[in-house]
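The structure file data_9.tsv is reproduced below (TSV, C-alpha atoms).
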chain	number	residue	atom	x	y	z
C	4	MET	CA	-3.94	2.85	-73.24
C	5	LYS	CA	-5.96	-0.35	-73.03
C	6	TYR	CA	-6.13	-2.35	-69.84
C	7	PRO	CA	-6.37	-6.19	-69.94
C	8	ARG	CA	-9.79	-7.66	-69.24
C	9	TYR	CA	-10.04	-10.44	-66.67
C	10	ASP	CA	-12.57	-13.18	-66.46
C	11	LEU	CA	-14.90	-12.63	-63.45
C	12	ALA	CA	-14.42	-16.22	-62.23
C	13	VAL	CA	-10.65	-15.73	-62.14
C	14	VAL	CA	-10.98	-12.55	-60.06
C	15	ILE	CA	-13.29	-14.28	-57.57
C	16	THR	CA	-10.91	-17.22	-57.25
C	17	LEU	CA	-7.89	-14.99	-56.65
C	18	THR	CA	-9.78	-12.99	-54.00
C	19	TRP	CA	-10.77	-16.18	-52.20
C	20	LEU	CA	-7.16	-17.44	-52.20
C	21	LEU	CA	-5.90	-14.14	-50.78
C	22	ASN	CA	-8.45	-14.29	-47.96
C	23	VAL	CA	-7.44	-17.86	-47.11
C	24	ALA	CA	-3.77	-16.89	-47.07
C	25	HIS	CA	-4.51	-13.98	-44.72
C	26	ALA	CA	-6.48	-16.27	-42.40
C	27	LEU	CA	-3.52	-18.66	-42.20
C	28	GLU	CA	-1.04	-15.93	-41.14
C	29	PRO	CA	0.41	-16.40	-37.64
C	30	VAL	CA	-1.58	-14.52	-34.99
C	31	LYS	CA	0.33	-11.85	-33.12
C	32	ALA	CA	0.23	-11.93	-29.30
C	33	GLU	CA	-1.07	-8.38	-29.12
C	34	ASP	CA	-4.08	-9.34	-31.28
C	35	VAL	CA	-5.16	-12.02	-28.81
C	36	SER	CA	-7.43	-11.20	-25.89
C	37	VAL	CA	-6.17	-13.27	-22.99
C	38	VAL	CA	-8.88	-14.77	-20.82
C	39	SER	CA	-7.65	-15.57	-17.33
C	40	ALA	CA	-8.42	-18.98	-15.98
C	41	LYS	CA	-10.58	-19.30	-12.91
C	42	PRO	CA	-8.33	-19.55	-9.83
C	43	GLU	CA	-8.34	-22.76	-7.85
C	44	TRP	CA	-10.01	-22.79	-4.45
C	45	ASP	CA	-7.45	-22.92	-1.61
C	46	GLU	CA	-8.44	-25.69	0.80
C	47	SER	CA	-6.14	-24.13	3.40
C	48	GLY	CA	-8.61	-21.27	3.71
C	49	TYR	CA	-8.72	-17.51	3.29
C	50	ILE	CA	-8.19	-14.36	5.35
C	51	MET	CA	-10.28	-11.28	4.62
C	52	PHE	CA	-10.22	-7.89	6.38
C	53	CYS	CA	-11.33	-4.29	6.19
C	54	PRO	CA	-8.39	-1.81	6.06
C	55	CYS	CA	-10.54	0.61	7.99
C	56	MET	CA	-8.09	2.44	10.26
C	57	GLY	CA	-6.82	5.84	9.21
C	58	ARG	CA	-5.56	7.05	5.88
C	59	PHE	CA	-3.24	5.43	3.36
C	60	GLY	CA	-0.11	5.27	5.53
C	61	ASN	CA	-1.88	3.43	8.35
C	62	GLN	CA	-3.68	1.12	5.92
C	63	ALA	CA	-0.37	0.25	4.24
C	64	GLU	CA	1.17	-0.80	7.57
C	65	HIS	CA	-1.88	-2.95	8.27
C	66	TYR	CA	-1.59	-4.49	4.80
C	67	LEU	CA	1.96	-5.68	5.52
C	68	GLY	CA	0.93	-7.04	8.92
C	69	ALA	CA	-2.01	-8.90	7.38
C	70	LEU	CA	0.29	-10.50	4.81
C	71	ALA	CA	2.62	-11.61	7.62
C	72	PHE	CA	-0.31	-13.14	9.52
C	73	ALA	CA	-1.75	-14.92	6.47
C	74	LYS	CA	1.67	-16.39	5.69
C	75	SER	CA	2.15	-17.50	9.30
C	76	ILE	CA	-1.08	-19.52	9.34
C	77	ASP	CA	-0.82	-20.53	5.65
C	78	ARG	CA	-4.08	-19.08	4.37
C	79	THR	CA	-4.56	-17.10	1.18
C	80	LEU	CA	-4.93	-13.39	1.85
C	81	VAL	CA	-7.83	-11.71	0.09
C	82	LEU	CA	-6.36	-8.34	-0.89
C	83	PRO	CA	-8.95	-5.71	-0.02
C	84	PRO	CA	-9.30	-2.37	-1.75
C	85	PHE	CA	-7.73	0.59	-0.01
C	86	ARG	CA	-10.29	2.84	1.59
C	87	SER	CA	-10.55	6.57	0.89
C	88	TYR	CA	-14.00	8.07	0.35
C	89	LYS	CA	-14.61	4.93	-1.71
C	90	ASN	CA	-13.11	1.47	-2.24
C	91	VAL	CA	-9.97	1.68	-4.41
C	92	PRO	CA	-8.90	-1.72	-5.83
C	93	ILE	CA	-5.31	-2.50	-4.91
C	94	SER	CA	-4.50	-2.99	-8.60
C	95	ASP	CA	-5.23	0.71	-9.21
C	96	TRP	CA	-2.13	1.56	-7.19
C	97	PHE	CA	0.02	-1.59	-7.03
C	98	GLN	CA	0.89	-4.64	-9.09
C	99	VAL	CA	-0.53	-7.87	-7.66
C	100	GLU	CA	1.93	-10.35	-9.18
C	101	PRO	CA	4.98	-9.19	-7.14
C	102	ILE	CA	2.98	-9.64	-3.92
C	103	LYS	CA	2.44	-13.29	-4.90
C	104	GLU	CA	6.21	-13.74	-4.68
C	105	PHE	CA	5.83	-13.30	-0.92
C	106	HIS	CA	2.61	-15.23	-0.29
C	107	LYS	CA	-0.52	-16.56	-2.00
C	108	VAL	CA	-3.09	-13.81	-2.54
C	109	ILE	CA	-6.22	-13.02	-4.53
C	110	THR	CA	-7.85	-9.63	-4.98
C	111	MET	CA	-11.19	-9.14	-3.26
C	112	GLU	CA	-12.75	-8.36	-6.62
C	113	ASP	CA	-11.63	-11.73	-8.04
C	114	PHE	CA	-12.58	-13.60	-4.87
C	115	MET	CA	-16.13	-12.30	-4.97
C	116	GLU	CA	-16.44	-12.91	-8.71
C	117	TYR	CA	-15.21	-16.50	-8.65
C	118	PHE	CA	-16.08	-17.72	-5.13
C	119	GLY	CA	-18.56	-15.24	-3.65
C	120	GLU	CA	-21.61	-17.29	-4.57
C	121	GLU	CA	-20.23	-20.80	-4.96
C	122	LYS	CA	-17.87	-21.14	-1.98
C	123	TRP	CA	-18.87	-18.27	0.34
C	124	PRO	CA	-22.53	-17.73	-0.44
C	125	PRO	CA	-24.99	-15.49	1.40
C	126	GLY	CA	-26.30	-17.40	4.40
C	127	LYS	CA	-22.85	-18.76	5.26
C	128	ARG	CA	-20.88	-15.59	5.74
C	129	ARG	CA	-19.33	-15.12	9.19
C	130	GLY	CA	-17.70	-12.06	10.68
C	131	TYR	CA	-14.86	-12.41	13.22
C	132	CYS	CA	-14.13	-9.82	15.91
C	133	TRP	CA	-11.39	-9.67	18.54
C	134	LEU	CA	-13.38	-9.57	21.78
C	135	GLN	CA	-13.20	-11.37	25.07
C	136	LYS	CA	-15.58	-14.32	24.76
C	137	ASN	CA	-17.47	-13.29	27.88
C	138	SER	CA	-17.70	-9.69	26.68
C	139	GLU	CA	-21.17	-8.24	26.37
C	140	ARG	CA	-20.08	-6.18	23.38
C	141	GLN	CA	-21.32	-7.31	20.01
C	142	CYS	CA	-19.25	-8.06	16.94
C	143	GLU	CA	-20.15	-5.01	14.87
C	144	MET	CA	-18.70	-5.82	11.47
C	145	LYS	CA	-20.58	-3.13	9.56
C	146	ILE	CA	-21.44	-0.48	12.12
C	147	GLY	CA	-20.10	2.96	11.24
C	148	ASN	CA	-18.03	4.43	8.44
C	149	PRO	CA	-15.89	3.13	6.77
C	150	PHE	CA	-16.86	-0.38	7.91
C	151	GLY	CA	-20.39	-0.41	6.50
C	152	PRO	CA	-19.56	1.20	3.12
C	153	PHE	CA	-16.50	-1.06	2.74
C	154	TRP	CA	-18.46	-4.33	2.96
C	155	ASP	CA	-21.48	-2.87	1.15
C	156	GLY	CA	-19.18	-2.17	-1.79
C	157	PHE	CA	-19.18	-5.93	-2.37
C	158	GLY	CA	-22.78	-6.58	-1.31
C	159	ILE	CA	-21.58	-8.47	1.77
C	160	ASP	CA	-23.80	-9.00	4.81
C	161	PHE	CA	-22.89	-11.30	7.68
C	162	ASP	CA	-25.11	-14.13	8.88
C	163	GLU	CA	-23.15	-15.07	11.99
C	164	TYR	CA	-20.67	-13.34	14.27
C	165	ILE	CA	-17.77	-15.03	16.03
C	166	LYS	CA	-15.67	-13.62	18.85
C	167	PHE	CA	-12.05	-14.62	19.38
C	168	ASP	CA	-9.39	-13.54	21.85
C	169	MET	CA	-6.30	-15.17	20.36
C	170	SER	CA	-3.47	-13.15	18.90
C	171	ASN	CA	-3.70	-12.43	15.19
C	172	GLN	CA	-0.48	-10.44	14.90
C	173	ALA	CA	2.59	-12.00	13.30
C	174	ASP	CA	6.24	-11.09	12.73
C	175	ILE	CA	7.78	-13.00	9.82
C	176	THR	CA	11.20	-12.90	11.46
C	177	ASN	CA	9.93	-14.87	14.47
C	178	ASP	CA	9.47	-18.49	13.38
C	179	ALA	CA	8.51	-19.72	16.84
C	180	VAL	CA	5.59	-17.28	17.09
C	181	SER	CA	4.50	-18.12	13.54
C	182	ARG	CA	4.36	-21.84	14.36
C	183	TRP	CA	2.42	-21.11	17.54
C	184	LEU	CA	-0.06	-18.90	15.69
C	185	ARG	CA	-0.70	-21.54	13.06
C	186	LYS	CA	-1.27	-24.24	15.67
C	187	GLN	CA	-3.72	-22.05	17.63
C	188	TRP	CA	-5.72	-20.96	14.60
C	189	ASP	CA	-5.79	-24.41	12.99
C	190	GLU	CA	-7.11	-25.92	16.20
C	191	GLN	CA	-9.76	-23.32	16.96
C	192	PHE	CA	-10.79	-22.41	13.42
C	193	PRO	CA	-9.91	-25.30	11.06
C	194	ALA	CA	-10.27	-24.41	7.38
C	195	SER	CA	-12.68	-27.33	6.88
C	196	GLU	CA	-15.19	-25.55	9.14
C	197	HIS	CA	-14.03	-21.95	8.76
C	198	PRO	CA	-12.91	-21.61	5.14
C	199	VAL	CA	-13.12	-17.81	5.13
C	200	ILE	CA	-12.16	-15.77	8.18
C	201	ALA	CA	-13.40	-12.22	7.60
C	202	PHE	CA	-11.97	-9.88	10.23
C	203	ARG	CA	-13.64	-6.63	11.18
C	204	GLY	CA	-10.25	-4.90	11.02
C	205	ALA	CA	-6.76	-5.87	9.98
C	206	PRO	CA	-5.00	-8.82	11.63
C	207	ALA	CA	-2.05	-6.56	12.37
C	208	SER	CA	-0.70	-4.04	14.83
C	209	PHE	CA	-0.15	-0.32	14.48
C	210	PRO	CA	2.57	0.70	14.55
C	211	MET	CA	3.68	-2.31	12.56
C	212	ARG	CA	6.15	-4.95	13.71
C	213	ALA	CA	9.67	-4.05	12.63
C	214	GLY	CA	10.28	-7.50	11.17
C	215	ASN	CA	7.48	-7.04	8.64
C	216	ARG	CA	8.93	-3.90	7.05
C	217	GLN	CA	10.84	-6.01	4.55
C	218	ILE	CA	7.56	-7.14	2.95
C	219	GLN	CA	7.40	-3.65	1.41
C	220	LYS	CA	9.78	-4.76	-1.37
C	221	HIS	CA	6.94	-6.79	-2.87
C	222	PHE	CA	4.78	-3.68	-3.32
C	223	LYS	CA	5.51	-2.36	-6.81
C	224	TRP	CA	3.58	0.62	-8.13
C	225	ASN	CA	0.99	0.19	-10.87
C	226	VAL	CA	2.99	0.55	-14.10
C	227	ASP	CA	0.81	3.28	-15.64
C	228	LEU	CA	0.59	5.23	-12.39
C	229	PHE	CA	4.36	5.11	-11.90
C	230	ALA	CA	4.92	6.21	-15.50
C	231	THR	CA	2.88	9.35	-14.73
C	232	ALA	CA	5.09	10.07	-11.72
C	233	GLN	CA	8.22	9.44	-13.78
C	234	ASP	CA	7.03	11.94	-16.38
C	235	GLU	CA	6.54	14.48	-13.60
C	236	ILE	CA	10.04	13.76	-12.28
C	237	ASN	CA	11.55	14.26	-15.75
C	238	GLN	CA	9.71	17.54	-16.29
C	239	LEU	CA	10.57	18.95	-12.86
C	240	PHE	CA	14.18	17.86	-12.43
C	241	HIS	CA	15.51	17.21	-15.98
C	242	GLY	CA	17.74	14.38	-14.78
C	243	GLU	CA	19.34	16.51	-12.02
C	244	LYS	CA	19.60	15.39	-8.40
C	245	PHE	CA	16.85	16.30	-5.96
C	246	VAL	CA	16.15	16.07	-2.23
C	247	GLY	CA	12.63	15.08	-1.20
C	248	ILE	CA	11.14	16.19	2.12
C	249	HIS	CA	7.88	15.34	3.90
C	250	LEU	CA	6.29	17.78	6.31
C	251	ARG	CA	3.32	17.32	8.64
C	252	THR	CA	2.08	20.80	9.53
C	253	GLY	CA	-1.71	20.53	9.77
C	254	GLN	CA	-3.61	21.58	12.89
C	255	ASP	CA	-4.43	17.95	13.68
C	256	TRP	CA	-0.70	17.24	13.73
C	257	VAL	CA	-0.08	20.08	16.18
C	258	LYS	CA	-2.45	18.37	18.61
C	259	SER	CA	-0.90	14.94	17.97
C	260	CYS	CA	2.58	16.25	18.72
C	261	GLU	CA	1.41	17.79	21.96
C	262	ILE	CA	0.39	14.28	23.02
C	263	ALA	CA	3.53	12.64	21.62
C	264	ARG	CA	6.12	15.00	23.06
C	265	GLY	CA	8.09	13.27	25.83
C	266	SER	CA	6.73	9.82	25.01
C	267	PRO	CA	9.01	6.94	23.96
C	268	SER	CA	6.54	5.84	21.27
C	269	PHE	CA	3.70	7.37	19.28
C	270	MET	CA	2.16	6.28	15.96
C	271	ALA	CA	4.95	5.32	13.52
C	272	SER	CA	7.83	6.54	15.74
C	273	PRO	CA	9.36	3.06	16.24
C	274	GLN	CA	10.86	3.49	12.76
C	275	CYS	CA	13.35	5.94	14.28
C	276	LEU	CA	13.05	5.12	18.00
C	277	PRO	CA	13.05	1.30	18.03
C	278	LEU	CA	11.15	-0.31	20.88
C	279	PRO	CA	11.94	-0.57	23.71
C	280	SER	CA	13.35	2.96	23.58
C	281	GLU	CA	14.93	5.04	26.28
C	282	GLU	CA	14.75	8.12	24.07
C	283	GLU	CA	11.75	10.40	23.82
C	284	ILE	CA	9.90	12.09	20.98
C	285	THR	CA	11.00	15.73	20.80
C	286	GLU	CA	9.53	18.78	19.12
C	287	GLU	CA	12.16	18.56	16.36
C	288	ILE	CA	11.18	14.96	15.64
C	289	CYS	CA	7.41	15.48	15.56
C	290	TYR	CA	6.85	19.12	14.56
C	291	PRO	CA	10.24	20.57	13.59
C	292	PRO	CA	10.62	24.37	13.65
C	293	ILE	CA	11.01	26.10	10.29
C	294	GLU	CA	14.64	26.89	11.10
C	295	HIS	CA	15.43	23.20	11.56
C	296	VAL	CA	13.64	22.24	8.31
C	297	VAL	CA	15.57	24.86	6.32
C	298	SER	CA	18.91	24.02	7.96
C	299	LEU	CA	18.71	20.22	7.53
C	300	THR	CA	17.37	20.51	3.97
C	301	ALA	CA	20.19	22.89	3.01
C	302	GLU	CA	22.73	20.50	4.51
C	303	ALA	CA	21.29	17.60	2.47
C	304	VAL	CA	21.30	19.68	-0.72
C	305	GLU	CA	24.97	20.53	-0.25
C	306	ARG	CA	26.03	16.99	0.67
C	307	TYR	CA	24.26	15.33	-2.27
C	308	GLY	CA	24.88	18.03	-4.84
C	309	ALA	CA	21.17	18.46	-5.44
C	310	LYS	CA	19.75	21.12	-7.74
C	311	HIS	CA	16.14	20.70	-6.61
C	312	VAL	CA	14.04	20.22	-3.46
C	313	TYR	CA	10.64	18.54	-3.65
C	314	ILE	CA	8.15	19.22	-0.84
C	315	ALA	CA	5.26	16.94	0.13
C	316	THR	CA	3.04	18.23	2.91
C	317	ASP	CA	-0.47	18.07	4.32
C	318	LYS	CA	-0.65	21.83	4.97
C	319	LEU	CA	2.18	24.39	5.24
C	320	SER	CA	5.04	23.84	2.79
C	321	TYR	CA	7.60	26.41	4.03
C	322	SER	CA	8.30	27.07	0.34
C	323	ARG	CA	9.05	30.77	0.88
C	324	GLU	CA	11.61	30.12	3.60
C	325	LEU	CA	13.26	27.32	1.63
C	326	LYS	CA	13.42	29.43	-1.54
C	327	GLU	CA	14.99	32.34	0.34
C	328	GLU	CA	17.75	30.02	1.55
C	329	LEU	CA	18.26	27.82	-1.50
C	330	GLU	CA	17.47	29.80	-4.66
C	331	PRO	CA	20.56	32.05	-4.25
C	332	ARG	CA	22.55	28.79	-4.42
C	333	GLY	CA	20.92	27.87	-7.74
C	334	VAL	CA	18.55	25.32	-6.17
C	335	LYS	CA	14.89	25.22	-7.26
C	336	VAL	CA	12.10	24.43	-4.78
C	337	HIS	CA	8.99	22.53	-5.94
C	338	HIS	CA	5.64	21.90	-4.25
C	339	LEU	CA	2.99	20.23	-6.42
C	340	ASP	CA	0.26	19.42	-3.88
C	341	PRO	CA	-1.17	16.71	-6.18
C	342	HIS	CA	-4.78	15.57	-5.94
C	343	LEU	CA	-3.55	11.97	-5.51
C	344	PRO	CA	-1.21	11.66	-2.49
C	345	GLN	CA	0.37	8.56	-4.06
C	346	MET	CA	2.04	10.91	-6.55
C	347	ASP	CA	4.00	12.46	-3.67
C	348	LEU	CA	4.90	8.99	-2.40
C	349	MET	CA	6.26	7.88	-5.78
C	350	ILE	CA	8.31	11.04	-6.29
C	351	LEU	CA	9.73	10.96	-2.75
C	352	GLY	CA	10.66	7.32	-3.29
C	353	GLN	CA	12.87	8.31	-6.23
C	354	ALA	CA	14.67	11.24	-4.56
C	355	ASP	CA	18.45	11.15	-4.24
C	356	PHE	CA	17.93	11.83	-0.54
C	357	PHE	CA	14.82	11.94	1.63
C	358	ILE	CA	13.97	13.62	4.94
C	359	GLY	CA	10.71	12.61	6.58
C	360	ASN	CA	8.66	12.83	9.74
C	361	CYS	CA	9.43	9.84	11.96
C	362	VAL	CA	6.00	9.88	13.66
C	363	SER	CA	4.12	9.79	10.34
C	364	SER	CA	3.02	6.56	8.66
C	365	PHE	CA	3.09	8.44	5.32
C	366	THR	CA	6.82	8.92	5.83
C	367	SER	CA	7.17	5.30	6.96
C	368	PHE	CA	5.86	4.09	3.58
C	369	VAL	CA	8.48	6.16	1.76
C	370	LYS	CA	11.24	5.05	4.14
C	371	ARG	CA	10.43	1.33	3.72
C	372	GLU	CA	10.38	1.62	-0.07
C	373	ARG	CA	13.67	3.49	-0.09
C	374	ASP	CA	15.26	0.96	2.26
C	375	ALA	CA	14.16	-1.83	-0.08
C	376	ASN	CA	15.81	-0.01	-2.99
C	377	GLY	CA	18.98	0.99	-1.13
C	378	ARG	CA	18.28	4.75	-1.14
C	379	PRO	CA	19.41	6.96	1.80
C	380	SER	CA	16.98	8.69	4.16
C	381	THR	CA	16.79	10.44	7.52
C	382	PHE	CA	14.20	12.10	9.77
C	383	TRP	CA	13.70	15.55	11.20
C	384	GLY	CA	15.51	15.72	14.52
C	385	PHE	CA	18.22	13.30	13.35
C	386	PRO	CA	21.55	13.74	11.54
C	387	LEU	CA	21.85	13.13	7.78
C	388	SER	CA	23.78	9.94	8.49
C	389	PHE	CA	20.78	8.26	10.18
C	390	SER	CA	19.89	4.90	8.67
C	391	ASP	CA	18.27	1.72	9.93
C	392	GLY	CA	17.48	0.19	6.56

Translate the structure described by the file into structure tokens.
Amino acid sequence: MKYPRYDLAVVITLTWLLNVAHALEPVKAEDVSVVSAKPEWDESGYIMFCPCMGRFGNQAEHYLGALAFAKSIDRTLVLPPFRSYKNVPISDWFQVEPIKEFHKVITMEDFMEYFGEEKWPPGKRRGYCWLQKNSERQCEMKIGNPFGPFWDGFGIDFDEYIKFDMSNQADITNDAVSRWLRKQWDEQFPASEHPVIAFRGAPASFPMRAGNRQIQKHFKWNVDLFATAQDEINQLFHGEKFVGIHLRTGQDWVKSCEIARGSPSFMASPQCLPLPSEEEITEEICYPPIEHVVSLTAEAVERYGAKHVYIATDKLSYSRELKEELEPRGVKVHHLDPHLPQMDLMILGQADFFIGNCVSSFTSFVKRERDANGRPSTFWGFPLSFSDG
């Protein structure tokens, strides 16, 4: 069979026309690399802080308090990385856009990239410490760990240190206090002269103010990270109901509970014993006996028709005791002990029912998220019907 012969010029012309046609095709969105525009400088000023107290649960409470304070005085909050053994950008764990629905924010990474040299250059960086003005103590912004490594992670040194003794703790449900805070800070530290206020620690209290718990609803997990947790949930529970429990059983917690027992408030306890409280922290609330853990968990399993129990703990899981009680009822007990504690937090947040430790700020994160999503919870030492969310 003979094939037709084409003139070389015709072939070249046709090839050129095809290339032109391809070039004129509409460009798909996924083929375009989006370049974000440089953010505008906020003339109202910025708040910066080191989340340098405790582990994730404590840092999260300080984060919410710092957002409340920044909103009260109308400054942009520079979102710092969380601190573990290194700086962890907030975007690794949470979405930034939903936080902007509450107040204006910028990540610390973006702030330093876009404004670190131009608007807040070396030579003009001030550190602010809460100290009595006549105090002989120095403002030690970078002394010790994690303070030094936190600021060093961004190459930040301070050229001047400023002491203040005004309140920097806000409650978004108290408009009068918010107005007073803004007036005080605007008068003493106007943004025209103090564009960036970098606090040594968080402008927030611990335990956190009850009114600021609602800010939690703006903290949405990083999409990819949450998808990993959801895969784990699907593999473990196969769409069946599960009860999540959080236990604090480490030796450090034994010592903490010895201090807490009999006190009206300790660490995150205001989440179940609102201040001022006439009640006291008991052993069951802080370090519940195994019998209480098994009994209350079994009661929750029966009430919610759960087929699984998921345990998150810092040490002892009580898995054997829970299995002995629950497996004869056809209920499976799971304890992953993941390398990343946030995996436990995400799974507990999705449980059909949750029982946590009222004194623990790890539990308080789970409880706030569940309250925001309308999911039921209680604490050790309380009945299943407990709810304040």

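Non-sequential neighbours of Leu348 in chain C (distance at most 9 Å, separation of 3 or more positions within a chain, all atoms listed in the file) are C:Ala315, C:Pro344, C:Gln345, C:Leu351, C:Gly352, C:Gln353, C:Phe365, C:Thr366, C:Phe368, C:Val369.
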
Report the closest atom pair, with its distance in Å rounded to one decimal, for each residue of range 76-114 of chain C that has an atom no farther than 9 Å from range 40-53 of chain C; count only C-alpha atoms, sort by chain and then rising residue number, and write it as JSON lines.
{"residue": "C:Asp77", "atom": "CA", "partner": "C:Ser47", "partner_atom": "CA", "distance": 6.8}
{"residue": "C:Arg78", "atom": "CA", "partner": "C:Tyr49", "partner_atom": "CA", "distance": 5.0}
{"residue": "C:Thr79", "atom": "CA", "partner": "C:Tyr49", "partner_atom": "CA", "distance": 4.7}
{"residue": "C:Leu80", "atom": "CA", "partner": "C:Ile50", "partner_atom": "CA", "distance": 4.9}
{"residue": "C:Val81", "atom": "CA", "partner": "C:Met51", "partner_atom": "CA", "distance": 5.2}
{"residue": "C:Leu82", "atom": "CA", "partner": "C:Met51", "partner_atom": "CA", "distance": 7.4}
{"residue": "C:Pro83", "atom": "CA", "partner": "C:Cys53", "partner_atom": "CA", "distance": 6.8}
{"residue": "C:Pro84", "atom": "CA", "partner": "C:Cys53", "partner_atom": "CA", "distance": 8.4}
{"residue": "C:Phe85", "atom": "CA", "partner": "C:Cys53", "partner_atom": "CA", "distance": 8.7}
{"residue": "C:Arg86", "atom": "CA", "partner": "C:Cys53", "partner_atom": "CA", "distance": 8.5}
{"residue": "C:Val108", "atom": "CA", "partner": "C:Tyr49", "partner_atom": "CA", "distance": 8.9}
{"residue": "C:Ile109", "atom": "CA", "partner": "C:Pro42", "partner_atom": "CA", "distance": 8.7}
{"residue": "C:Met111", "atom": "CA", "partner": "C:Met51", "partner_atom": "CA", "distance": 8.2}
{"residue": "C:Asp113", "atom": "CA", "partner": "C:Pro42", "partner_atom": "CA", "distance": 8.7}
{"residue": "C:Phe114", "atom": "CA", "partner": "C:Pro42", "partner_atom": "CA", "distance": 8.8}

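Here the question is which of C:Thr231, C:Asn61, C:Gln172, C:Ser138 gets nearest to Ala207 in chain C using all atoms listed in the file, and that residue is C:Gln172.
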
Hey, what's within 8 Å of range 89-93 of chain C if we count only C-alpha atoms and toss same-chain stuff fewer than 5 positions away? As a PyMOL selection string, please?
-> chain C and resi 82-84+98-99+110+112+152-153+156

Residues near Glu64 in chain C, cut-off 10 Å, all atoms listed in the file, skip fewer than 3 positions along chain, as a list in words |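 The contact residues come out as Pro54, Phe59, Gly60, Asn61, Leu67, Gly68, Ala69, Ala205, Ala207, Ser208, Phe209, Pro210, Met211, Arg212, Asn215, Arg216, Gln219, Ala271, Ser364, Phe365, Ser367 and Phe368 of chain C.
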
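Checking C:Phe97, C:Gln217, C:Ser75, C:Ser298 one by one against Asp189 in chain C, counting all atoms listed in the file, you find the shortest gap at C:Ser75.
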
For Met346 in chain C, which residue among C:Phe240, C:Phe222, C:Trp96, C:Phe105 is the nearest when counting all atoms listed in the file?
->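 Nearest candidate to Met346 in chain C out of C:Phe240, C:Phe222, C:Trp96, C:Phe105: C:Trp96.
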
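Non-sequential neighbours of Arg306 in chain C (distance at most 12 Å, separation of 2 or more positions within a chain, all atoms listed in the file) are Lys244, Phe245, Val246, Leu299, Thr300, Ala301, Glu302, Ala303, Val304, Gly308, Ala309, Lys310, Asp355, Phe356, Leu387 and Ser388 of chain C.
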
Would you export the selected residues with C-alpha atoms as a PDB file, in the coordinates of the input, please?
ATOM      1  CA  LYS C 244      19.600  15.390  -8.400  1.00  0.00           C
ATOM      2  CA  PHE C 245      16.850  16.300  -5.960  1.00  0.00           C
ATOM      3  CA  VAL C 246      16.150  16.070  -2.230  1.00  0.00           C
ATOM      4  CA  LEU C 299      18.710  20.220   7.530  1.00  0.00           C
ATOM      5  CA  THR C 300      17.370  20.510   3.970  1.00  0.00           C
ATOM      6  CA  ALA C 301      20.190  22.890   3.010  1.00  0.00           C
ATOM      7  CA  GLU C 302      22.730  20.500   4.510  1.00  0.00           C
ATOM      8  CA  ALA C 303      21.290  17.600   2.470  1.00  0.00           C
ATOM      9  CA  VAL C 304      21.300  19.680  -0.720  1.00  0.00           C
ATOM     10  CA  GLY C 308      24.880  18.030  -4.840  1.00  0.00           C
ATOM     11  CA  ALA C 309      21.170  18.460  -5.440  1.00  0.00           C
ATOM     12  CA  LYS C 310      19.750  21.120  -7.740  1.00  0.00           C
ATOM     13  CA  ASP C 355      18.450  11.150  -4.240  1.00  0.00           C
ATOM     14  CA  PHE C 356      17.930  11.830  -0.540  1.00  0.00           C
ATOM     15  CA  LEU C 387      21.850  13.130   7.780  1.00  0.00           C
ATOM     16  CA  SER C 388      23.780   9.940   8.490  1.00  0.00           C
TER      17      SER C 388
END

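If you look at CA of Gln254 in chain C and CA of Asp340 in chain C, they are 17.3 Å away from each other.
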
C:Val257, C:Ala201, C:Ala194, C:Ile175: which is nearest Tyr131 in chain C, counting only C-alpha atoms?
-> C:Ala201

Could you name the residues that touch Val296 in chain C at 12 Å or less, counting all atoms listed in the file, but leaving out those on the same chain fewer than 2 positions away, as an MDAnalysis selection string?
-> chainID C and resid 247:252 287:294 298:303 312 314 320:322 324:325 328 358:360 382:385

Output C-alpha atoms for every residue in that selection, as a short mmCIF file (atom, residue, chain, number, x, y, z; two decimals), in the frame of the given file.
data_model
loop_
_atom_site.label_atom_id
_atom_site.label_comp_id
_atom_site.auth_asym_id
_atom_site.auth_seq_id
_atom_site.Cartn_x
_atom_site.Cartn_y
_atom_site.Cartn_z
CA GLY C 247 12.63 15.08 -1.20
CA ILE C 248 11.14 16.19 2.12
CA HIS C 249 7.88 15.34 3.90
CA LEU C 250 6.29 17.78 6.31
CA ARG C 251 3.32 17.32 8.64
CA THR C 252 2.08 20.80 9.53
CA GLU C 287 12.16 18.56 16.36
CA ILE C 288 11.18 14.96 15.64
CA CYS C 289 7.41 15.48 15.56
CA TYR C 290 6.85 19.12 14.56
CA PRO C 291 10.24 20.57 13.59
CA PRO C 292 10.62 24.37 13.65
CA ILE C 293 11.01 26.10 10.29
CA GLU C 294 14.64 26.89 11.10
CA SER C 298 18.91 24.02 7.96
CA LEU C 299 18.71 20.22 7.53
CA THR C 300 17.37 20.51 3.97
CA ALA C 301 20.19 22.89 3.01
CA GLU C 302 22.73 20.50 4.51
CA ALA C 303 21.29 17.60 2.47
CA VAL C 312 14.04 20.22 -3.46
CA ILE C 314 8.15 19.22 -0.84
CA SER C 320 5.04 23.84 2.79
CA TYR C 321 7.60 26.41 4.03
CA SER C 322 8.30 27.07 0.34
CA GLU C 324 11.61 30.12 3.60
CA LEU C 325 13.26 27.32 1.63
CA GLU C 328 17.75 30.02 1.55
CA ILE C 358 13.97 13.62 4.94
CA GLY C 359 10.71 12.61 6.58
CA ASN C 360 8.66 12.83 9.74
CA PHE C 382 14.20 12.10 9.77
CA TRP C 383 13.70 15.55 11.20
CA GLY C 384 15.51 15.72 14.52
CA PHE C 385 18.22 13.30 13.35
#

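In this model, the gap between CA of Met144 in chain C and CA of Lys127 in chain C comes to 14.9 Å.
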